[in-house]
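Working notes for the structure below.
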Amino acid sequence: MSQTHSPVADAWTPAQIQAVIDAHRSRPGAMLPMLHAIQDRFGFIPDEAVPMIADALRHTRAEVHGIISFYHHFRTHPAGRNVVQICRAEACQSVGSRQLEAHALKTLGIDYHQTTPDHEFTLEPVYCLGNCACGPSIRVNDDIFGRMTPAQFDELTDELSTTVVEVK
Amino acid sequence: MTVTVYVPRDTTALALGADRVATRLERGAKARNVDINIVRNGSRGLFYLEPLIEIDTPEGRIAFGPVTPADVESLLEAGLLEARQKHPLSLGLTEEIPYLKRQQRLTFSRIGITDPISIEDYTALRGFEGLKKTLALESQAVVDEVKTSGLRGRGGAAFPTGIKWQTVHDQPPGQKYVVCNADEGDSGTFADRLVMECDPYLLIEGMTIAGLAVGADQGYIYLRSEYPLAHAILDEAIERAVNAGYLGDNIQGSGRAFHLEVRLGAGAYICGEETSLLESLEGKRGLVRAKPPLPAIEGLFGRPTVVNNVLSLAAVPFIMDQGGQTYADYGLGRSRGTLAIQLAGNVKRGGLVELAFGTSLRELMEGFGGGTLSGRPLKAVQVGGPLGAYLPESQWDHPVDYEGFAAFGGVVGHGGVVMFDDSVDMGDQARFAMEFCSVESCGKCTPCRIGAVRGVEVIDRIRAGESFEKNLALLTDLCDTMVDGSLCAMGGMTPFPVQSVMKHFPDDLTPRQAVTAGGTTC
């Protein structure tokens, strides 16, 4: 509801990135809000943004790079149209998330942190979505799904692929 | 006449189709020419019954659940909108459902009842009464009340909240902060999420009271990015609270100020550790800080800072409204008040159970939880998150309290209870504990950063049967090194689940061609 993942990485220009940076640079502890804003707007944090952020916040480029790479949430490459996160934490393991993981990796044909060649899906691991009484849980963009089975996973990914085609 | 129907909107209800249930209800009512008012309330936390819909009647609310979208038509046919209880999903009066009725809800007294963002709903159920009483008191009196309550941090370390507040209160005047640790990242926990999604003003009120008590006029909620719905609801609630004069420069005309802002984390588990969290809020990598100095003396931006968990802050409005002693009258030993227990994992009736400290794990898992979802025998339970020990059956009869649990190596932590049936391979779980640490370690100290990686390797060698005895001894040593040598609880507690598997489930650590509960092979 709040920040939606950009389904397709938008094009960006240095001026647009600078505008986002300028909107946040004067906040106390501006770095994370700034990085979130850039990723929310453009779908990822382009390499070219790093020196601009460094300049705005008086950091070194290495520091900015270190911060981006420290946090699992930030990505430096565009994601697929749907970001699928599978919960790998214990509560979900106890009700079959390991099978679900294996199934998802196999059917999408990619590993974690990778995107399908058609750019439909990016797969990411996540450690807890807070839906622990009704696992296994996955998150697709900002929607969370509980009691997920391999069969339901196939249905869902099918539906998501179809929807995109229809929109086009 | 308009029929009021409640359809919850918390993450779990939504994950199980609550939005589609609401849509079909609306459509069905329209087809029947019935005037319907659908209120999107929070969840009661009875997740095994979600989506749990309720009809308002003069006798009270009547519940139906779990309602799938496919059930809606038959519910309407059976007279749902006339509050007839002929349908198999009918549960009678909500308040009489035993799972709910047997609880002692102090902090969660409002969840699931109100529309989360309605200030009118909140104040109708004693909302902001604690704040009003706080505004009439000297700050020291507020700190004293919290001390009297015996409230301890619900985040993990269980440090007395009143003492922490006193330390910040006693620092010289100047910029101070209240930081809410809303980075609830422990597997099996969802109580913070319920507070923020279902009763956000409770947290806002608790933080405002904290600010008034210690002399801080700025608060931050450091929220994990995995909770987008909580983010949206909190932002909206804060805006409404400002407009209604419960936040801002002049709270309820008192001339006193408190400002509040949500800041998003970025998927780093370690940022639940308070010093990492402060680093992250300052815009840095979330590296753990060595203590001292304590955050209460040098915290956010070098200023005195109260860092409290959501549940600690959410307990405060009750304490200020009803009195610290009333709160302290619940509990056991030095564990005062209530604990939000979260029944999760392989559980038949999962959900939130708020009870005074002192109930046994077995009563929780069997009496409330109803045993495993799979119907197979329970084998192990992990309490207190991914860094908590796996407890075997011999330990299920201990009452849940901080000191009692610590005595046998257990961790109450944030109150998460994750149940496993007998298909679990505990060797896999031990390996996962190390793997999780290797992914989530902040990397600042060697025992945690390197130890976790080596831990995975050693467990793999043990399970492959390679120099079994030697590697088992090595794992013992490695665990000791991590416990004694790590800078914070991440590395210091990661061995707890591993050691508990070595001690209580040694058969699962023997060499094998493992085909595990989850079907992965090692």
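Simple scheme: letters A, B, ... for chains in structure tokens order, numbers from 1 for residues in each chain, numbers from 1 for ligands in the order shown.
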
Chain B residues near chain A within 8 Å, closest pair each, using only C-alpha atoms, as a tab-separated table:
```
residue	atom	partner	partner_atom	distance
B:Thr11	CA	A:Ile144	CA	7.0
B:Thr12	CA	A:Asn131	CA	5.7
B:Leu14	CA	A:Ile144	CA	7.4
B:Ala15	CA	A:Phe145	CA	4.3
B:Leu16	CA	A:Gly146	CA	6.0
B:Phe47	CA	A:Ala133	CA	6.6
B:Tyr48	CA	A:Cys134	CA	7.6
B:Gly185	CA	A:Cys128	CA	6.3
B:Asp186	CA	A:Cys128	CA	7.0
B:Ser187	CA	A:Cys128	CA	5.5
B:Gly188	CA	A:Cys132	CA	5.1
B:Thr189	CA	A:Gly130	CA	6.2
B:Phe190	CA	A:Gly130	CA	4.9
B:Arg193	CA	A:Gly130	CA	7.0
B:Ser225	CA	A:His73	CA	7.8
B:Glu226	CA	A:Leu129	CA	5.9
B:Tyr227	CA	A:Leu129	CA	7.1
B:Pro228	CA	A:Ser2	CA	6.1
B:Leu229	CA	A:Met1	CA	6.1
B:His231	CA	A:Ser2	CA	6.7
B:Ala232	CA	A:Ser2	CA	5.1
B:Arg263	CA	A:Pro33	CA	7.2
B:Leu264	CA	A:Pro33	CA	7.2
B:Gly265	CA	A:Leu32	CA	7.5
B:Ala266	CA	A:His73	CA	4.8
B:Gly267	CA	A:His73	CA	5.1
B:Ala268	CA	A:Tyr71	CA	5.6
B:Ser280	CA	A:Leu32	CA	7.7
B:Leu281	CA	A:Gly29	CA	5.9
B:Glu282	CA	A:Gly29	CA	4.2
B:Gly283	CA	A:Met31	CA	4.6
B:Lys284	CA	A:Ile67	CA	6.2
B:Arg285	CA	A:Ile67	CA	5.0
B:Gly286	CA	A:Phe70	CA	7.8
B:Leu343	CA	A:Ala133	CA	6.5
B:Ala344	CA	A:Ala133	CA	4.1
B:Gly345	CA	A:Ala91	CA	4.0
B:Asn346	CA	A:Ser94	CA	5.5
B:Val347	CA	A:Ala133	CA	7.3
B:Gly350	CA	A:Ala133	CA	4.8
B:Gly351	CA	A:Ala133	CA	6.0
B:Pro386	CA	A:Glu90	CA	7.2
B:Val418	CA	A:Ala91	CA	5.6
B:Met419	CA	A:Ser94	CA	7.1
B:Phe420	CA	A:Ser94	CA	5.4
B:Asp421	CA	A:Ser94	CA	7.5
B:Val424	CA	A:Ser94	CA	7.1
B:Gln429	CA	A:Glu90	CA	8.0
B:Ala517	CA	A:Gly96	CA	7.5
B:Gly518	CA	A:Arg98	CA	4.4
B:Gly519	CA	A:Gln99	CA	5.9
B:Thr520	CA	A:Arg98	CA	6.9
```

request  = Do a neighbour search on B:Gly153 at 10 Å with only C-alpha atoms, toss out local chain neighbours closer than 2 positions, and write the hits as a list in words.
outcome  = Gly150, Leu151, Gly155, Gly156, Ala157, Ala158, Phe159, Pro160, Thr161, Gly162, Lys164, Val307, Asn308, Asn309, Val310, Leu311, Ser312, Leu313, Gly413 and His414 of chain B

Those selected residues, please, written with N, CA, C and O atoms and delivered as a tab-separated table (two decimals), in the first residue's frame.
```
chain	number	residue	atom	x	y	z
B	150	GLY	N	6.98	-2.76	36.97
B	150	GLY	CA	7.90	-3.88	36.77
B	150	GLY	C	8.10	-4.25	35.31
B	150	GLY	O	8.67	-5.30	35.00
B	151	LEU	N	7.61	-3.39	34.42
B	151	LEU	CA	7.73	-3.67	32.98
B	151	LEU	C	9.18	-3.85	32.57
B	151	LEU	O	10.04	-3.04	32.93
B	155	GLY	N	11.80	-6.89	24.04
B	155	GLY	CA	12.55	-7.18	22.82
B	155	GLY	C	13.47	-8.37	22.93
B	155	GLY	O	13.77	-9.02	21.95
B	156	GLY	N	13.92	-8.72	24.10
B	156	GLY	CA	14.83	-9.85	24.21
B	156	GLY	C	15.68	-9.80	25.47
B	156	GLY	O	15.74	-10.76	26.23
B	157	ALA	N	16.31	-8.66	25.73
B	157	ALA	CA	17.22	-8.58	26.86
B	157	ALA	C	16.47	-8.42	28.19
B	157	ALA	O	17.03	-8.66	29.25
B	158	ALA	N	15.21	-8.04	28.13
B	158	ALA	CA	14.36	-7.96	29.32
B	158	ALA	C	14.88	-6.98	30.37
B	158	ALA	O	14.73	-7.19	31.57
B	159	PHE	N	15.47	-5.88	29.93
B	159	PHE	CA	15.96	-4.87	30.86
B	159	PHE	C	14.79	-4.04	31.39
B	159	PHE	O	13.86	-3.73	30.64
B	160	PRO	N	14.81	-3.70	32.69
B	160	PRO	CA	13.68	-2.93	33.25
B	160	PRO	C	13.49	-1.58	32.54
B	160	PRO	O	14.41	-0.76	32.48
B	161	THR	N	12.31	-1.38	32.01
B	161	THR	CA	12.02	-0.18	31.22
B	161	THR	C	12.13	1.09	32.06
B	161	THR	O	12.68	2.10	31.61
B	162	GLY	N	11.63	1.05	33.30
B	162	GLY	CA	11.67	2.23	34.16
B	162	GLY	C	13.09	2.70	34.44
B	162	GLY	O	13.35	3.91	34.49
B	164	LYS	N	15.68	2.26	32.48
B	164	LYS	CA	16.18	2.85	31.23
B	164	LYS	C	15.67	4.28	31.10
B	164	LYS	O	16.42	5.21	30.80
B	307	VAL	N	15.56	3.55	23.78
B	307	VAL	CA	15.26	2.60	22.72
B	307	VAL	C	14.41	1.49	23.33
B	307	VAL	O	14.86	0.78	24.22
B	308	ASN	N	13.15	1.41	22.91
B	308	ASN	CA	12.25	0.39	23.43
B	308	ASN	C	11.58	-0.36	22.29
B	308	ASN	O	11.36	0.19	21.21
B	309	ASN	N	11.27	-1.59	22.57
B	309	ASN	CA	10.52	-2.42	21.65
B	309	ASN	C	9.06	-1.95	21.55
B	309	ASN	O	8.55	-1.29	22.46
B	310	VAL	N	8.39	-2.32	20.48
B	310	VAL	CA	6.98	-1.96	20.29
B	310	VAL	C	6.13	-2.40	21.49
B	310	VAL	O	5.34	-1.63	22.03
B	311	LEU	N	6.31	-3.66	21.91
B	311	LEU	CA	5.45	-4.19	22.97
B	311	LEU	C	5.69	-3.51	24.30
B	311	LEU	O	4.77	-3.36	25.11
B	312	SER	N	6.93	-3.10	24.56
B	312	SER	CA	7.21	-2.38	25.81
B	312	SER	C	6.47	-1.05	25.80
B	312	SER	O	5.80	-0.68	26.77
B	313	LEU	N	6.60	-0.32	24.69
B	313	LEU	CA	5.94	0.99	24.59
B	313	LEU	C	4.41	0.83	24.57
B	313	LEU	O	3.70	1.66	25.14
B	413	GLY	N	12.62	-14.11	25.04
B	413	GLY	CA	12.75	-13.17	23.92
B	413	GLY	C	11.47	-12.41	23.69
B	413	GLY	O	10.86	-11.88	24.62
B	414	HIS	N	11.04	-12.42	22.47
B	414	HIS	CA	9.90	-11.64	22.05
B	414	HIS	C	8.60	-12.44	22.16
B	414	HIS	O	7.54	-12.00	21.75
```

key: Which of stretch 301-503 of chain B DSSP labels strand (DSSP E), written as a ChimeraX atom specification   = /B:305-309,331-332,335-336,338-345,351-356,378-383,390-391,416-421

Let's have the selection written as a compact mmCIF listing (two decimals), in the first residue's frame, with N, CA and C atoms.
```
# COMPACT_ATOMS: atom_id res chain seq x y z
N THR B 305 19.00 8.63 24.47
CA THR B 305 17.93 8.03 23.70
C THR B 305 17.31 6.84 24.42
N VAL B 306 16.00 6.85 24.50
CA VAL B 306 15.27 5.66 24.94
C VAL B 306 15.07 4.78 23.72
N VAL B 307 15.56 3.55 23.78
CA VAL B 307 15.26 2.60 22.72
C VAL B 307 14.41 1.49 23.33
N ASN B 308 13.15 1.41 22.91
CA ASN B 308 12.25 0.39 23.43
C ASN B 308 11.58 -0.36 22.29
N ASN B 309 11.27 -1.59 22.57
CA ASN B 309 10.52 -2.42 21.65
C ASN B 309 9.06 -1.95 21.55
N GLY B 331 1.47 -11.67 36.78
CA GLY B 331 2.82 -12.16 36.55
C GLY B 331 3.34 -13.09 37.59
N LEU B 332 4.64 -13.34 37.48
CA LEU B 332 5.30 -14.38 38.28
C LEU B 332 6.71 -13.90 38.59
N SER B 335 9.00 -11.38 36.63
CA SER B 335 8.38 -11.17 35.33
C SER B 335 6.96 -10.67 35.56
N ARG B 336 6.79 -9.37 35.50
CA ARG B 336 5.51 -8.75 35.85
C ARG B 336 4.68 -8.46 34.60
N THR B 338 1.89 -8.94 31.57
CA THR B 338 1.52 -9.99 30.61
C THR B 338 2.58 -10.13 29.54
N LEU B 339 2.55 -11.27 28.90
CA LEU B 339 3.45 -11.54 27.78
C LEU B 339 2.58 -11.86 26.56
N ALA B 340 2.97 -11.28 25.42
CA ALA B 340 2.28 -11.61 24.18
C ALA B 340 2.95 -12.84 23.59
N ILE B 341 2.28 -13.97 23.72
CA ILE B 341 2.84 -15.21 23.18
C ILE B 341 2.29 -15.38 21.78
N GLN B 342 3.17 -15.73 20.87
CA GLN B 342 2.74 -15.90 19.49
C GLN B 342 2.93 -17.36 19.11
N LEU B 343 1.82 -18.05 18.90
CA LEU B 343 1.86 -19.47 18.54
C LEU B 343 1.97 -19.57 17.03
N ALA B 344 3.07 -20.18 16.57
CA ALA B 344 3.36 -20.17 15.14
C ALA B 344 3.98 -21.48 14.70
N GLY B 345 4.21 -21.57 13.41
CA GLY B 345 4.82 -22.77 12.85
C GLY B 345 3.79 -23.86 12.64
N GLY B 351 -1.85 -18.18 16.62
CA GLY B 351 -2.32 -16.82 16.85
C GLY B 351 -1.69 -16.20 18.06
N LEU B 352 -2.26 -15.08 18.44
CA LEU B 352 -1.74 -14.32 19.57
C LEU B 352 -2.45 -14.71 20.86
N VAL B 353 -1.65 -14.96 21.89
CA VAL B 353 -2.20 -15.26 23.20
C VAL B 353 -1.55 -14.32 24.21
N GLU B 354 -2.31 -13.41 24.77
CA GLU B 354 -1.75 -12.54 25.81
C GLU B 354 -2.19 -13.06 27.17
N LEU B 355 -1.20 -13.41 27.97
CA LEU B 355 -1.46 -13.96 29.29
C LEU B 355 -0.41 -13.44 30.27
N ALA B 356 -0.76 -13.43 31.55
CA ALA B 356 0.24 -13.12 32.57
C ALA B 356 1.35 -14.14 32.48
N LEU B 378 4.27 -33.56 18.36
CA LEU B 378 5.21 -32.46 18.49
C LEU B 378 6.59 -33.02 18.81
N LYS B 379 7.62 -32.45 18.22
CA LYS B 379 8.97 -32.94 18.53
C LYS B 379 9.80 -31.88 19.25
N ALA B 380 9.73 -30.66 18.75
CA ALA B 380 10.58 -29.61 19.32
C ALA B 380 9.87 -28.29 19.20
N VAL B 381 10.24 -27.37 20.06
CA VAL B 381 9.66 -26.04 19.96
C VAL B 381 10.78 -25.02 20.16
N GLN B 382 10.81 -24.03 19.29
CA GLN B 382 11.81 -22.98 19.40
C GLN B 382 11.13 -21.74 19.95
N VAL B 383 11.59 -21.31 21.11
CA VAL B 383 10.98 -20.14 21.74
C VAL B 383 11.99 -19.00 21.68
N TYR B 390 16.10 -24.87 20.88
CA TYR B 390 15.02 -25.81 20.58
C TYR B 390 14.76 -26.62 21.85
N LEU B 391 13.53 -26.58 22.34
CA LEU B 391 13.24 -27.25 23.60
C LEU B 391 12.58 -28.60 23.35
N GLY B 416 7.88 -15.49 20.81
CA GLY B 416 7.52 -16.33 19.67
C GLY B 416 7.69 -17.80 20.01
N VAL B 417 6.68 -18.61 19.70
CA VAL B 417 6.71 -20.05 19.95
C VAL B 417 6.53 -20.75 18.62
N VAL B 418 7.59 -21.39 18.13
CA VAL B 418 7.51 -22.05 16.83
C VAL B 418 7.56 -23.56 17.03
N MET B 419 6.48 -24.21 16.63
CA MET B 419 6.33 -25.64 16.89
C MET B 419 6.74 -26.47 15.68
N PHE B 420 7.35 -27.62 15.96
CA PHE B 420 7.77 -28.55 14.90
C PHE B 420 7.24 -29.94 15.20
N ASP B 421 6.77 -30.65 14.19
CA ASP B 421 6.33 -32.02 14.43
C ASP B 421 7.51 -32.97 14.23
```

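Between atom CA of B:Gly79 and atom CA of B:Val21 lies a distance of 16.1 Å.
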
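Of the listed residues A:Glu155, A:Asp22, A:Asp55, A:Glu48, the one whose atoms come nearest to A:His77 is A:Glu48, with distances taken using only C-alpha atoms.
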
Among listed residues B:Leu287, B:Cys448, B:Val67, B:Leu247, nearest B:Ala433 (using only C-alpha atoms) = B:Cys448

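Between atom CA of B:Tyr402 and atom CA of B:Asp422 the interatomic distance comes to 27.5 Å.
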